[in-house]
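S.K.: The structure follows.
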Amino acid sequence: MRVRTGSMRSLPYSIEINDFNAFLFQGQTGEQFAQTIRAQFDGCTTAAPRPAG
């Protein structure tokens with residue numbers, strides 16, 4: 001997709017960090033949801049391949 005300026009990024013995420021599910025079905029608080037997002041991000045960055053060099 002082309003954008004006028006800059007770039008557009010997409011970060012896939014699991015169902016666990018979908019806000020609709022977290023609040024309505026899991027009953028998470030805002031702080032719990034924030035922690036879930038941080039944990040998911042940390043897991044993604046740990047598993048991501050490192051660039052050569």
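Each chain of the structure tokens is named A, B, ... in the order shown, its residues numbered from 1; ligands are numbered from 1 in display order.
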If you run DSSP over the backbone, which residues in chain A end up helix (DSSP H, G or I)? Put them as a list in words.
M.R.: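 The helix (DSSP H, G or I) subset of chain A is Ile15, Glu16, Ile17, Asp19, Phe20, Asn21, Ala22, Phe23, Leu24, Phe25, Gly30, Glu31, Gln32, Phe33, Ala34, Gln35, Thr36, Ile37, Arg38, Ala39, Gln40, Phe41, Asp42, Gly43, Cys44, Thr45, Thr46 and Ala47 of chain A.
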S.K.: Contacts of A:Phe33 at 9 Å or less, counting only C-alpha atoms, minus same-chain residues fewer than 5 places along, as a ChimeraX atom specification?
M.R.: /A:17,19,22-23,28,38
S.K.: What would the file look like if the residues just selected were written as a PDB file, in the first residue's frame with N, CA and C atoms?
M.R.:
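Output below, filename selection-v5.pdb:
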```pdb
ATOM      1  N   ILE A  17      -4.599 -10.111  22.728  1.00  0.00           N
ATOM      2  CA  ILE A  17      -4.452  -8.663  22.897  1.00  0.00           C
ATOM      3  C   ILE A  17      -5.464  -7.874  22.067  1.00  0.00           C
ATOM      4  N   ASP A  19      -8.642  -5.858  22.241  1.00  0.00           N
ATOM      5  CA  ASP A  19      -9.275  -5.143  23.355  1.00  0.00           C
ATOM      6  C   ASP A  19     -10.713  -5.584  23.608  1.00  0.00           C
ATOM      7  N   ALA A  22     -10.436  -8.803  25.598  1.00  0.00           N
ATOM      8  CA  ALA A  22      -9.805  -8.574  26.898  1.00  0.00           C
ATOM      9  C   ALA A  22     -10.765  -7.945  27.900  1.00  0.00           C
ATOM     10  N   PHE A  23     -11.513  -6.964  27.472  1.00  0.00           N
ATOM     11  CA  PHE A  23     -12.399  -6.256  28.397  1.00  0.00           C
ATOM     12  C   PHE A  23     -13.749  -6.944  28.580  1.00  0.00           C
ATOM     13  N   GLN A  28     -10.544  -7.979  31.899  1.00  0.00           N
ATOM     14  CA  GLN A  28      -9.287  -7.364  32.308  1.00  0.00           C
ATOM     15  C   GLN A  28      -9.480  -5.892  32.648  1.00  0.00           C
ATOM     16  N   ARG A  38       2.321  -5.562  26.668  1.00  0.00           N
ATOM     17  CA  ARG A  38       3.786  -5.529  26.856  1.00  0.00           C
ATOM     18  C   ARG A  38       4.390  -6.921  26.756  1.00  0.00           C
TER      19      ARG A  38
END
```
S.K.: With only C-alpha atoms as the counted atoms, please give the residues lying no more than 12 Å from A:Ile15, apart from itself and same-chain residues fewer than 4 positions off, as a compact mmCIF listing (two decimals) with C-alpha atoms, in the first residue's frame.
M.R.:
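Saved the output as selection_39.txt:
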```txt
# COMPACT_ATOMS: atom_id res chain seq x y z
CA ASP A 19 -9.27 -5.14 23.36
CA PHE A 20 -12.83 -6.35 22.75
CA ASN A 21 -12.03 -9.82 24.08
CA ALA A 22 -9.81 -8.57 26.90
CA PHE A 25 -14.90 -11.64 27.82
CA GLN A 26 -11.80 -11.76 30.04
CA THR A 36 -0.73 -8.31 28.31
CA ILE A 37 0.28 -6.05 25.42
CA GLN A 40 3.10 -9.98 23.78
```
S.K.: For a quick check of understanding, using only C-alpha atoms, which of A:Arg4, A:Ala52, A:Thr46, A:Gln35 has the smallest distance to A:Glu16?
M.R.: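 Among the listed residues, the smallest separation from A:Glu16 belongs to A:Gln35.
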S.K.: Do you have the atom CA of A:Asp42-atom CA of A:Asn18 distance handy?
M.R.: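 Going from atom CA of A:Asp42 over to atom CA of A:Asn18, I get 16.4 Å.
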